[in-house]
There are 6 protein chains.
Amino acid sequence: MEPDGMAIFAGSGSPRLTARICEYLHVPQGKNETLHFSDGNTFVRILENVRGRRVYIVQQTVFPANDNFMELLFWIDAFKRAGTESVTAVIPYFSYAKGDKKDEPRVSIRARVCADAIEAAGASRVVTMDLHAPQIQGFFHTPVDNLYALPILSQRIRDIELEDIVVVSPDVGFAKQARRYASSLGVSIAIADKERQAHDEKAKVLQIIGDVKGKTAVVVDDFTISGGTLADVSVKLMERGAKEVYAVVTHGVLAASSVERINKSPIKCLFITDTVEHQPVEFSEKIEVVSVASLFGEAIKRIHNRESISEMFQ
Amino acid sequence: MEPDGMAIFAGSGSPRLTARICEYLHVPQGKNETLHFSDGNTFVRILENVRGRRVYIVQQTVFPANDNFMELLFWIDAFKRAGTESVTAVIPYFSYAKGDKKDEPRVSIRARVCADAIEAAGASRVVTMDLHAPQIQGFFHTPVDNLYALPILSQRIRDIELEDIVVVSPDVGFAKQARRYASSLGVSIAIADKERQAHDEKAKVLQIIGDVKGKTAVVVDDFTISGGTLADVSVKLMERGAKEVYAVVTHGVLAASSVERINKSPIKCLFITDTVEHQPVEFSEKIEVVSVASLFGEAIKRIHNRESISEMFQ
Amino acid sequence: MEPDGMAIFAGSGSPRLTARICEYLHVPQGKNETLHFSDGNTFVRILENVRGRRVYIVQQTVFPANDNFMELLFWIDAFKRAGTESVTAVIPYFSYAKGDKKDEPRVSIRARVCADAIEAAGASRVVTMDLHAPQIQGFFHTPVDNLYALPILSQRIRDIELEDIVVVSPDVGFAKQARRYASSLGVSIAIADKERQAHDEKAKVLQIIGDVKGKTAVVVDDFTISGGTLADVSVKLMERGAKEVYAVVTHGVLAASSVERINKSPIKCLFITDTVEHQPVEFSEKIEVVSVASLFGEAIKRIHNRESISEMFQ
Amino acid sequence: MEPDGMAIFAGSGSPRLTARICEYLHVPQGKNETLHFSDGNTFVRILENVRGRRVYIVQQTVFPANDNFMELLFWIDAFKRAGTESVTAVIPYFSYAKGDKKDEPRVSIRARVCADAIEAAGASRVVTMDLHAPQIQGFFHTPVDNLYALPILSQRIRDIELEDIVVVSPDVGFAKQARRYASSLGVSIAIADKERQAHDEKAKVLQIIGDVKGKTAVVVDDFTISGGTLADVSVKLMERGAKEVYAVVTHGVLAASSVERINKSPIKCLFITDTVEHQPVEFSEKIEVVSVASLFGEAIKRIHNRESISEMFQ
Amino acid sequence: MEPDGMAIFAGSGSPRLTARICEYLHVPQGKNETLHFSDGNTFVRILENVRGRRVYIVQQTVFPANDNFMELLFWIDAFKRAGTESVTAVIPYFSYAKGDKKDEPRVSIRARVCADAIEAAGASRVVTMDLHAPQIQGFFHTPVDNLYALPILSQRIRDIELEDIVVVSPDVGFAKQARRYASSLGVSIAIADKERQAHDEKAKVLQIIGDVKGKTAVVVDDFTISGGTLADVSVKLMERGAKEVYAVVTHGVLAASSVERINKSPIKCLFITDTVEHQPVEFSEKIEVVSVASLFGEAIKRIHNRESISEMFQ
Amino acid sequence: MEPDGMAIFAGSGSPRLTARICEYLHVPQGKNETLHFSDGNTFVRILENVRGRRVYIVQQTVFPANDNFMELLFWIDAFKRAGTESVTAVIPYFSYAKGDKKDEPRVSIRARVCADAIEAAGASRVVTMDLHAPQIQGFFHTPVDNLYALPILSQRIRDIELEDIVVVSPDVGFAKQARRYASSLGVSIAIADKERQAHDEKAKVLQIIGDVKGKTAVVVDDFTISGGTLADVSVKLMERGAKEVYAVVTHGVLAASSVERINKSPIKCLFITDTVEHQPVEFSEKIEVVSVASLFGEAIKRIHNRESISEMFQ
């Protein structure tokens, strides 16, 4: 590698996405290894000289979440102490982004804890995708490039030529982002909302706000773990007269039994991306993975060549 | 004042709210003064010994925004250098909370810039109300208590005994918080949404998602500046058959001509709180101010006595 | 609890030790809960008001290592944001202490990464035991109290009244600490050393430096994971004429198959402490656990009452 | 622009000086815009790609003081988050430099508050001119280049060929810097001094220490706001027999009524530089503005090319 | 000692002043020891429990300068790591305060380097006297109390009942502080000034600006090292007709041969304070030491009891 | 010098080693000067433009220890403020590395204090040799390259063709590093150990653990100050039947009377390196200095060219 050259390394959470990124960029992948000791300690080692290189370490942080996150910290430190020019943490899926606020008493803002740890370890920059809340960029002092899967996923929806689409937000919190999908597709939105029944604190009834009758519903979300919300919303949409239901989700976290839940639901097809790897489930035919390696590869190339990232999304 | 005692001071942006807080707490207000020099520089001076005190400085940051914010920084530094035990920045309305993300290329995350400046100046803790996004708590390393006006404003709505209410979010981004008002009142929500028309980028049409026919619409929001969105949404709600329209907004920023816009709209009454002061407009009879001094006073008392803040909102 | 009062909480890695510490101190244990989500994310919640309290959170960081470490960070942040007066991280076994130097090219100094993350999360102080290297105290800016298990373990050895003891260091790196056990028992030391044979890089032969013939060998170490070194050294000691072999190890990490290895070795008894919990093995009769809860309890009491810790070890 | 290239941007406080600097350097000015919202919030946006560029943002901080300062912070953050190589804050006039010490109880050291905020926002370097106290360089951790207007202003005095000059410091605090002007012109100094009369705390009498009889007095200062001191000193100098009085001031802050005060005084001509813009007064013929754009342009060029700044002042 | 109690310790640079401070406060001095190893390394050890105490460590930083400064850093760290509640660095004479600006190219701002090191070591607060420039308070993020020797030294001058005094600043840079002495004594000032002769860069002639004929000149300064300036100015004052010359200097640094220089000069008496100890010269009868222990003692008492420091100087 | 070019400067503690490094690299040494004022203050000045350069400042920190350390801090700050691209602190001997832990109550971890001060001053990287404990790398956030003198010293031993060598560690704490020398030479080790006698706390008897009879003993250590331990161990080795004794020590600190002690001992030759300069003793013929300038020069070249340092030691 050249001094000041680009060096891309995979953490143990993202071997396949990293390989695709390297293929997109026509660069060889950096050599490194992760050891998992019998006491559960993680150990990382870079296997080639990286002094003066601008390093991009790709590591999504789930399956397993804490192991992958700690490994990421160790990679950043190892690269920093090895004399690199800069270390960009490429985190395709940042799992603790969900812990972004103190919405109940005496909890941790886990995303800020993670941001501080990443910065303390020495990251120069962060690249990620569809952060649970865009505000999380502000948890970092370091610049963050938050990429959007929307152009690729939206194109995939256009490709299958559905008719009379309505974009559906699975809850009120995602309405703003659902609006973006709707605008991209030139359609309206509807919103699923859980309403409290009378005086009973716990009895909540799922409602659909907005018109879905006779339409092709496309439920959009940033991630799904159990598939439960997607399944419930799709059932309700069918009840309310939707013609058929598709789902589009950036991060297919897909923990145990999620695939079965999707299979049993009226969802015709669930589109996810390849930001998450090592899911402990086998995918069914209902699930289609759309690669975002080209987005990450293009972003890395542009960061490296000091070109605009925002132009990618205009 | 006693060592380790509570000392409450007003910044020049919050004289009236601070006076009400001191009244609620039955404590004398601290003596201080702000000078505005002819070159526009701000100068602050504490007029009594505060060594060892736990100080609460109350300063909302609008009218004028930057002057009040800089004054707040200087207060924090002055209190820190004067040997106080701690300095709690009480910011009833944190105006730059709106700058909470990088939602377009090459802009500043202004709320993080402000958070960093507040921490660098030496604040030990922040108390604020209805932050534009709850994630902004995570912009601070320092603990933040984000109070909610909801219990007081929701109670005010219940007091006027409206029938058949529907809570309306003025846009998709506020839907989640509108849900909270709806749950508190035990009613449904509807959401105003601006939809792009056909291929014209700019022509946007305001829609109401959800059923409002024959209902009393209560539009809720965290702040209003021009009153424009509230007015537009209220017109559309009446078109869609709403019986009447009320509005409930925590921060009545109310810049020039906002009151006129509200007056001309179908809104019957706009409820705001006293977090903002020095608005450059005269209020009309349509606008009712509900004081949240008791919430701030109670929070300060509980912080001071090491009691739970969360119990205030259960 | 009283303001400024002592509040002791258990992380999910140290429930039993924490219970013993609370028993020693006659204080009720704080209420909190840890959730492990199906995607592997960890979530922590404090279940009682802790404003103004001086909190001690007890969490050893192994079984599982990274989950327990991340949980510790979240606890510290949650306590800090909940308005505690101070948060002391009590880490009975700090597993990443082993990653304390860059002894090969391009690795991470993992203990410093962990120290930085702990400090960034907001810990006011750290209490731990028999750090792998005492220098790790210097990885923290925050004060660290490194307790010694030696007085309790050394007393245990004296209690069983062995004759003609020689303390054995299992490698040259532990010789200095073995010296301390020898001085406490008033005996000599011997050192196991792996020597390279001739020109073959890999063939290493275990030697015993010093005289062990006819003596009762007590092998001492700070931790054991596989039990392998202890077993090998005990075999060699018997070959070299030792009468019998005991082992004394502070941290009984004891990963899979370690107990079997100890059982098959000539070691008569292995003494460990209760700093580590949740080992994935069942202990045999050869393994005796000596509790150090009194040491941790006493240290917490002294920190809380501002009394000397060093007097505990004179 | 080239990667690693020079990019010069104007804040809204320094459009004219920035234009002159770009002209001096024959480089196009960067495209950006500042919006001032009706609630007084400031919003900044960079209108071209700046990744990898070394950016120089020019912003003096008065008229209006706090708005310009906050805007500067937002620029620094926006450039940092946009992926620039470095951000140099060029602050021709740093208005809060006057708040450089705690010379009375319980005030803020405002210049340090500002320095911390600038560094927290992410500035890599600061360039400024004639800081109120040279010690303020030490308020920054970041390197500061403090340029001197003296060579340009001193040359202007030589050009008008005054005879028998005495340089006059308007107070004892500026005596050291007046000495530099005197040395540059090869003349003596006199010092104006306010002396307390007898036992009356407030009655102060202006004295001139040193000989001014029959001489051309050139009063020098770093800034003037009201023009009051300059006017008073010039009257006293004429009383003490000075032939005529000129004034030389780096930063012509010139708030309301200052120009009238200068006009009515015996001062024949007041020389100021163009570090300050947007003064709320119309200049009279007595005031001559000398541009320091060449000094700032040259400094930026030398910083960019890694050449010595100090050689500019030898 | 009581928890939260006052504990005063002497660094090896200030044994006598510390003893006088403890006497003033009627508190026993803390027990500690400093070792100087044969390789020049400094080692510090606290000899009593200080957990929870609010510690005041007194250490002036000259004779020897760097040894005393490093020792101060080690004290701060040792107290911090020993679990004290706070550590106040009392620095009667802060020798590197002179290095307060970059007044020539490529030098260090040594006072900021020292301030950063003191803060990094963990000091909670700094107390010092007559800082070379008051701006140095702003080099610290931590609160600094800069005491003034003026009330005590000014009183000493009044006690000896001199007639027709003129206060003389030994150079233009000290004029502002000389003004304070003059105001305190109700007299005028004169200023010594080194003027460049004609075209010769190096030939400088000492002038006295202001009237001293027939007056008792009191030269005031913050410190003297060689006594050279004081001697030169006193000679020039006598030439210009002064009746007699006294000198008043806060910090009597008095390096080798300074006393002889004072002895040979026309100065009748040099008053210094006891901020500096261990001068490598024997004092003559011309030198009178005035103790400021009561000022430091009073300041420590007031800091400890959370009383106003500024009242001491009104 | 070229922008981005290598610039090597000597601190006043390392003039000779720096000259040898520059000779090895065929680069001219940078021009700078250190002044020591009569009050003991240190002043540094860089005498050539260094903007944009990557600077290497070489300064060992003993003779005198604190003066050299403070000078190093000032150099780093001066280079940083002069606009260099980076400042690498090359510290051939880091004297405070010995203060690496809190091994007795209420002492400072002096090496961490020094590390923090170096980082606060602005160093980008540290290069040093044979740190007293390798863990000290972790005291720095900044990357540290810890070079080993072993290859050069071990080669020197091989050159003199000794027969039947045993490497001897002078105490149990150095056993691990002695093992490395033994492995490099392909021989066994023995360890000197001080054992407490019976009940007398202070009476310690020096023992040799391991077999030395008839062998050539090579005592190895990282530094020697008084030469006392080396002398004592060599006497004991001869008593135990060693044929002859050599000593190999990286850092020849050699304070007063150390040379005499070595001369009187049975040591035939003491090999040291040139990391330390200005020892206050004259070397005898028994002492041979082996230069490590080539190691430092090679390391600087590799850092500068972004090549691997670790390859130097394979």
# chains A, B, ... in the order shown; residues from 1 in each chain; ligands from 1
>>> interface_residues(of="chain E", to="chain C", cutoff="6 Å", atoms="only C-alpha atoms", output="number ranges by chain")
E: 49, 51-52, 81
>>> write_last_selection(atoms="N, CA, C and O atoms", output="short mmCIF file (atom, residue, chain, number, x, y, z; two decimals), in the first residue's frame")
data_model
loop_
_atom_site.label_atom_id
_atom_site.label_comp_id
_atom_site.auth_asym_id
_atom_site.auth_seq_id
_atom_site.Cartn_x
_atom_site.Cartn_y
_atom_site.Cartn_z
N ASN E 49 -3.60 9.91 56.52
CA ASN E 49 -4.81 9.70 55.72
C ASN E 49 -5.44 11.04 55.35
O ASN E 49 -5.61 11.91 56.21
N ARG E 51 -8.22 11.07 52.87
CA ARG E 51 -9.48 10.80 52.15
C ARG E 51 -10.55 11.79 52.56
O ARG E 51 -10.80 11.99 53.74
N GLY E 52 -11.18 12.40 51.60
CA GLY E 52 -12.30 13.29 51.87
C GLY E 52 -11.89 14.67 52.36
O GLY E 52 -12.74 15.54 52.50
N ARG E 81 -5.10 11.07 43.93
CA ARG E 81 -5.20 9.61 43.97
C ARG E 81 -5.43 9.08 45.38
O ARG E 81 -5.83 7.93 45.56
#
>>> residues_around(residues="Asp274 of chain A", least_positions_apart="6", cutoff="8 Å", atoms="only C-alpha atoms", output="PDB file with all heavy atoms, in the first residue's frame")
ATOM      1  N   LEU A  17     -19.827  -7.923   3.686  1.00  0.00           N
ATOM      2  CA  LEU A  17     -20.030  -6.567   3.170  1.00  0.00           C
ATOM      3  C   LEU A  17     -18.674  -5.949   2.805  1.00  0.00           C
ATOM      4  O   LEU A  17     -18.533  -5.303   1.763  1.00  0.00           O
ATOM      5  CB  LEU A  17     -20.762  -5.702   4.202  1.00  0.00           C
ATOM      6  CG  LEU A  17     -21.000  -4.259   3.761  1.00  0.00           C
ATOM      7  CD1 LEU A  17     -21.849  -4.182   2.501  1.00  0.00           C
ATOM      8  CD2 LEU A  17     -21.671  -3.449   4.888  1.00  0.00           C
ATOM      9  N   HIS A 251     -32.194  -2.345   8.068  1.00  0.00           N
ATOM     10  CA  HIS A 251     -31.353  -3.265   8.839  1.00  0.00           C
ATOM     11  C   HIS A 251     -32.128  -4.525   9.216  1.00  0.00           C
ATOM     12  O   HIS A 251     -32.993  -4.491  10.092  1.00  0.00           O
ATOM     13  CB  HIS A 251     -30.843  -2.575  10.101  1.00  0.00           C
ATOM     14  CG  HIS A 251     -30.141  -1.278   9.839  1.00  0.00           C
ATOM     15  ND1 HIS A 251     -28.968  -1.201   9.111  1.00  0.00           N
ATOM     16  CD2 HIS A 251     -30.439   0.004  10.191  1.00  0.00           C
ATOM     17  CE1 HIS A 251     -28.579   0.068   9.037  1.00  0.00           C
ATOM     18  NE2 HIS A 251     -29.445   0.817   9.683  1.00  0.00           N
ATOM     19  N   GLY A 252     -31.817  -5.622   8.590  1.00  0.00           N
ATOM     20  CA  GLY A 252     -32.496  -6.880   8.859  1.00  0.00           C
ATOM     21  C   GLY A 252     -31.860  -7.603  10.024  1.00  0.00           C
ATOM     22  O   GLY A 252     -31.145  -8.579   9.825  1.00  0.00           O
ATOM     23  N   VAL A 289     -32.483  -9.802  -0.015  1.00  0.00           N
ATOM     24  CA  VAL A 289     -31.419  -8.916   0.455  1.00  0.00           C
ATOM     25  C   VAL A 289     -30.907  -8.077  -0.706  1.00  0.00           C
ATOM     26  O   VAL A 289     -30.529  -8.603  -1.742  1.00  0.00           O
ATOM     27  CB  VAL A 289     -30.251  -9.727   1.057  1.00  0.00           C
ATOM     28  CG1 VAL A 289     -29.155  -8.774   1.547  1.00  0.00           C
ATOM     29  CG2 VAL A 289     -30.746 -10.611   2.193  1.00  0.00           C
ATOM     30  N   VAL A 290     -30.926  -6.755  -0.518  1.00  0.00           N
ATOM     31  CA  VAL A 290     -30.433  -5.818  -1.516  1.00  0.00           C
ATOM     32  C   VAL A 290     -29.108  -5.263  -0.997  1.00  0.00           C
ATOM     33  O   VAL A 290     -29.046  -4.768   0.128  1.00  0.00           O
ATOM     34  CB  VAL A 290     -31.447  -4.672  -1.701  1.00  0.00           C
ATOM     35  CG1 VAL A 290     -30.977  -3.718  -2.783  1.00  0.00           C
ATOM     36  CG2 VAL A 290     -32.836  -5.222  -2.009  1.00  0.00           C
ATOM     37  N   SER A 291     -28.059  -5.345  -1.786  1.00  0.00           N
ATOM     38  CA  SER A 291     -26.763  -4.924  -1.263  1.00  0.00           C
ATOM     39  C   SER A 291     -26.580  -3.418  -1.302  1.00  0.00           C
ATOM     40  O   SER A 291     -26.927  -2.752  -2.278  1.00  0.00           O
ATOM     41  CB  SER A 291     -25.623  -5.566  -2.054  1.00  0.00           C
ATOM     42  OG  SER A 291     -24.387  -5.110  -1.523  1.00  0.00           O
ATOM     43  N   VAL A 292     -26.024  -2.862  -0.220  1.00  0.00           N
ATOM     44  CA  VAL A 292     -25.675  -1.442  -0.177  1.00  0.00           C
ATOM     45  C   VAL A 292     -24.157  -1.255  -0.231  1.00  0.00           C
ATOM     46  O   VAL A 292     -23.648  -0.196   0.123  1.00  0.00           O
ATOM     47  CB  VAL A 292     -26.262  -0.764   1.076  1.00  0.00           C
ATOM     48  CG1 VAL A 292     -27.779  -0.625   0.949  1.00  0.00           C
ATOM     49  CG2 VAL A 292     -25.891  -1.546   2.343  1.00  0.00           C
ATOM     50  N   ALA A 293     -23.444  -2.307  -0.633  1.00  0.00           N
ATOM     51  CA  ALA A 293     -21.977  -2.228  -0.706  1.00  0.00           C
ATOM     52  C   ALA A 293     -21.541  -1.098  -1.628  1.00  0.00           C
ATOM     53  O   ALA A 293     -20.541  -0.421  -1.369  1.00  0.00           O
ATOM     54  CB  ALA A 293     -21.402  -3.561  -1.184  1.00  0.00           C
TER      55      ALA A 293
END
>>> residues_around(residues="Thr34 of chain D", least_positions_apart="6", cutoff="7 Å", atoms="only C-alpha atoms", output="short mmCIF file (atom, residue, chain, number, x, y, z; two decimals) with N, CA, C and O atoms, in the first residue's frame")
data_model
loop_
_atom_site.label_atom_id
_atom_site.label_comp_id
_atom_site.auth_asym_id
_atom_site.auth_seq_id
_atom_site.Cartn_x
_atom_site.Cartn_y
_atom_site.Cartn_z
N SER D 12 -20.65 36.71 8.04
CA SER D 12 -21.41 37.89 7.64
C SER D 12 -20.87 39.15 8.30
O SER D 12 -21.29 40.25 7.94
N PHE D 43 -28.31 30.65 11.13
CA PHE D 43 -28.16 29.38 10.42
C PHE D 43 -27.11 29.57 9.34
O PHE D 43 -27.13 30.57 8.63
N VAL D 44 -26.18 28.63 9.23
CA VAL D 44 -25.12 28.77 8.23
C VAL D 44 -25.10 27.56 7.31
O VAL D 44 -25.45 26.45 7.71
N ARG D 45 -24.72 27.81 6.05
CA ARG D 45 -24.69 26.72 5.08
C ARG D 45 -23.54 26.97 4.09
O ARG D 45 -23.40 28.07 3.54
#
>>> select_by_dssp(residues="segment 76-260 of chain B", states="strand (DSSP E or B)", output="number ranges by chain")
B: 86-91, 107, 125-129, 144-147, 165-169, 188-196, 204-209, 216-224, 244-252
>>> residues_around(residues="segment 277-286 of chain F", least_positions_apart="4", cutoff="7 Å", atoms="only C-alpha atoms", output="ChimeraX atom specification")
/F:13-14,63,253-256,259,263,268-270
>>> write_last_selection(atoms="N, CA and C atoms", output="mmCIF file, in the first residue's frame")
data_model
loop_
_atom_site.group_PDB
_atom_site.id
_atom_site.type_symbol
_atom_site.label_atom_id
_atom_site.label_comp_id
_atom_site.auth_asym_id
_atom_site.auth_seq_id
_atom_site.Cartn_x
_atom_site.Cartn_y
_atom_site.Cartn_z
ATOM 1 N N GLY F 13 19.427 18.148 26.878
ATOM 2 C CA GLY F 13 19.850 16.917 27.536
ATOM 3 C C GLY F 13 20.462 15.904 26.585
ATOM 4 N N SER F 14 20.313 16.079 25.295
ATOM 5 C CA SER F 14 20.748 15.042 24.349
ATOM 6 C C SER F 14 21.511 15.577 23.146
ATOM 7 N N PHE F 63 19.851 14.482 34.611
ATOM 8 C CA PHE F 63 21.082 15.328 34.652
ATOM 9 C C PHE F 63 20.899 16.614 33.906
ATOM 10 N N VAL F 253 22.618 5.641 34.056
ATOM 11 C CA VAL F 253 22.318 6.919 34.718
ATOM 12 C C VAL F 253 23.532 7.377 35.527
ATOM 13 N N LEU F 254 24.186 6.473 36.226
ATOM 14 C CA LEU F 254 25.482 6.681 36.848
ATOM 15 C C LEU F 254 25.647 7.999 37.591
ATOM 16 N N ALA F 255 24.960 8.099 38.724
ATOM 17 C CA ALA F 255 25.095 9.279 39.573
ATOM 18 C C ALA F 255 26.413 9.189 40.349
ATOM 19 N N ALA F 256 26.678 10.169 41.163
ATOM 20 C CA ALA F 256 27.939 10.278 41.896
ATOM 21 C C ALA F 256 28.321 8.971 42.592
ATOM 22 N N VAL F 259 30.535 5.006 39.648
ATOM 23 C CA VAL F 259 31.660 4.443 38.892
ATOM 24 C C VAL F 259 32.653 3.786 39.842
ATOM 25 N N ASN F 263 33.923 0.016 39.872
ATOM 26 C CA ASN F 263 35.363 -0.283 39.803
ATOM 27 C C ASN F 263 35.793 -1.267 40.868
ATOM 28 N N LYS F 268 33.688 -7.341 35.436
ATOM 29 C CA LYS F 268 34.809 -7.140 34.511
ATOM 30 C C LYS F 268 34.553 -5.997 33.543
ATOM 31 N N CYS F 269 33.314 -5.929 33.085
ATOM 32 C CA CYS F 269 32.971 -4.838 32.164
ATOM 33 C C CYS F 269 31.492 -4.533 32.269
ATOM 34 N N LEU F 270 31.180 -3.249 32.300
ATOM 35 C CA LEU F 270 29.778 -2.815 32.299
ATOM 36 C C LEU F 270 29.481 -2.157 30.959
#
>>> residues_around(residues="Gln155 of chain F", least_positions_apart="5", cutoff="12 Å", atoms="only C-alpha atoms", output="MDAnalysis selection string")
chainID F and resid 149:150 160:162 181 184:185 248 271 290
>>> atom_distance(atom1="atom CA of Thr273 of chain E", atom2="atom CA of Ala133 of chain D")
27.6 Å
>>> select_by_dssp(residues="segment 13-185 of chain B", states="alpha helix (DSSP H)", output="mmCIF file with C-alpha atoms, in the first residue's frame")
data_model
loop_
_atom_site.group_PDB
_atom_site.id
_atom_site.type_symbol
_atom_site.label_atom_id
_atom_site.label_comp_id
_atom_site.auth_asym_id
_atom_site.auth_seq_id
_atom_site.Cartn_x
_atom_site.Cartn_y
_atom_site.Cartn_z
ATOM 1 C CA PRO B 15 -36.762 37.703 34.780
ATOM 2 C CA ARG B 16 -40.457 36.923 35.129
ATOM 3 C CA LEU B 17 -40.242 33.137 35.136
ATOM 4 C CA THR B 18 -37.383 33.294 37.657
ATOM 5 C CA ALA B 19 -39.425 35.542 39.931
ATOM 6 C CA ARG B 20 -42.295 33.038 39.786
ATOM 7 C CA ILE B 21 -39.926 30.141 40.519
ATOM 8 C CA CYS B 22 -38.527 31.955 43.563
ATOM 9 C CA GLU B 23 -42.055 32.696 44.726
ATOM 10 C CA TYR B 24 -42.971 29.023 44.360
ATOM 11 C CA LEU B 25 -39.924 28.030 46.377
ATOM 12 C CA ALA B 65 -31.231 34.481 20.826
ATOM 13 C CA ASN B 66 -27.461 34.919 20.552
ATOM 14 C CA ASP B 67 -27.187 37.635 23.201
ATOM 15 C CA ASN B 68 -29.038 35.471 25.688
ATOM 16 C CA PHE B 69 -27.002 32.412 24.832
ATOM 17 C CA MET B 70 -23.648 34.164 25.215
ATOM 18 C CA GLU B 71 -24.852 35.741 28.449
ATOM 19 C CA LEU B 72 -25.680 32.250 29.698
ATOM 20 C CA LEU B 73 -22.104 31.098 28.972
ATOM 21 C CA PHE B 74 -20.703 34.082 30.837
ATOM 22 C CA TRP B 75 -22.960 33.440 33.822
ATOM 23 C CA ILE B 76 -21.827 29.836 34.030
ATOM 24 C CA ASP B 77 -18.163 30.867 33.877
ATOM 25 C CA ALA B 78 -18.642 33.677 36.400
ATOM 26 C CA PHE B 79 -20.348 31.332 38.855
ATOM 27 C CA LYS B 80 -17.693 28.640 38.345
ATOM 28 C CA ARG B 81 -14.818 31.073 38.887
ATOM 29 C CA ARG B 110 -25.848 23.912 16.214
ATOM 30 C CA ALA B 111 -27.376 22.270 19.289
ATOM 31 C CA ARG B 112 -24.166 20.265 19.789
ATOM 32 C CA VAL B 113 -22.059 23.392 19.369
ATOM 33 C CA CYS B 114 -24.169 25.020 22.083
ATOM 34 C CA ALA B 115 -23.997 21.945 24.316
ATOM 35 C CA ASP B 116 -20.206 21.866 24.022
ATOM 36 C CA ALA B 117 -19.938 25.570 24.816
ATOM 37 C CA ILE B 118 -22.177 25.157 27.876
ATOM 38 C CA GLU B 119 -20.085 22.248 29.131
ATOM 39 C CA ALA B 120 -16.793 24.023 28.374
ATOM 40 C CA ALA B 121 -18.004 27.032 30.348
ATOM 41 C CA LEU B 150 -47.696 18.078 28.990
ATOM 42 C CA PRO B 151 -49.231 17.500 32.460
ATOM 43 C CA ILE B 152 -49.976 21.214 32.922
ATOM 44 C CA LEU B 153 -51.135 21.865 29.354
ATOM 45 C CA SER B 154 -53.122 18.657 29.172
ATOM 46 C CA GLN B 155 -54.847 19.567 32.422
ATOM 47 C CA ARG B 156 -55.686 23.000 30.999
ATOM 48 C CA ILE B 157 -57.399 21.262 28.040
ATOM 49 C CA ARG B 158 -59.338 18.997 30.363
ATOM 50 C CA ASP B 159 -60.414 22.041 32.378
ATOM 51 C CA ALA B 175 -46.594 12.539 15.491
ATOM 52 C CA LYS B 176 -44.880 10.670 18.304
ATOM 53 C CA GLN B 177 -45.249 13.512 20.767
ATOM 54 C CA ALA B 178 -48.847 14.179 19.645
ATOM 55 C CA ARG B 179 -49.469 10.522 20.533
ATOM 56 C CA ARG B 180 -48.529 11.379 24.145
ATOM 57 C CA TYR B 181 -51.076 14.180 24.325
ATOM 58 C CA ALA B 182 -53.697 11.889 22.816
ATOM 59 C CA SER B 183 -52.908 9.158 25.358
ATOM 60 C CA SER B 184 -53.080 11.660 28.200
ATOM 61 C CA LEU B 185 -56.514 12.812 26.982
#
>>> residues_around(residues="Pro134 of chain D", least_positions_apart="5", cutoff="12 Å", atoms="only C-alpha atoms", output="list in words")
Ala97, Lys98, Asp100, Thr128, Met129, Phe139, Phe140, Val144, Asp145, Asn146, Leu147, Tyr148, Phe174, Lys176, Gln177 and Asp222 of chain D; Gly99, Asp100, Lys101, Lys102, Asp103, Glu104, Ile109, Ala133, Pro134, Gln135 and Ile136 of chain E
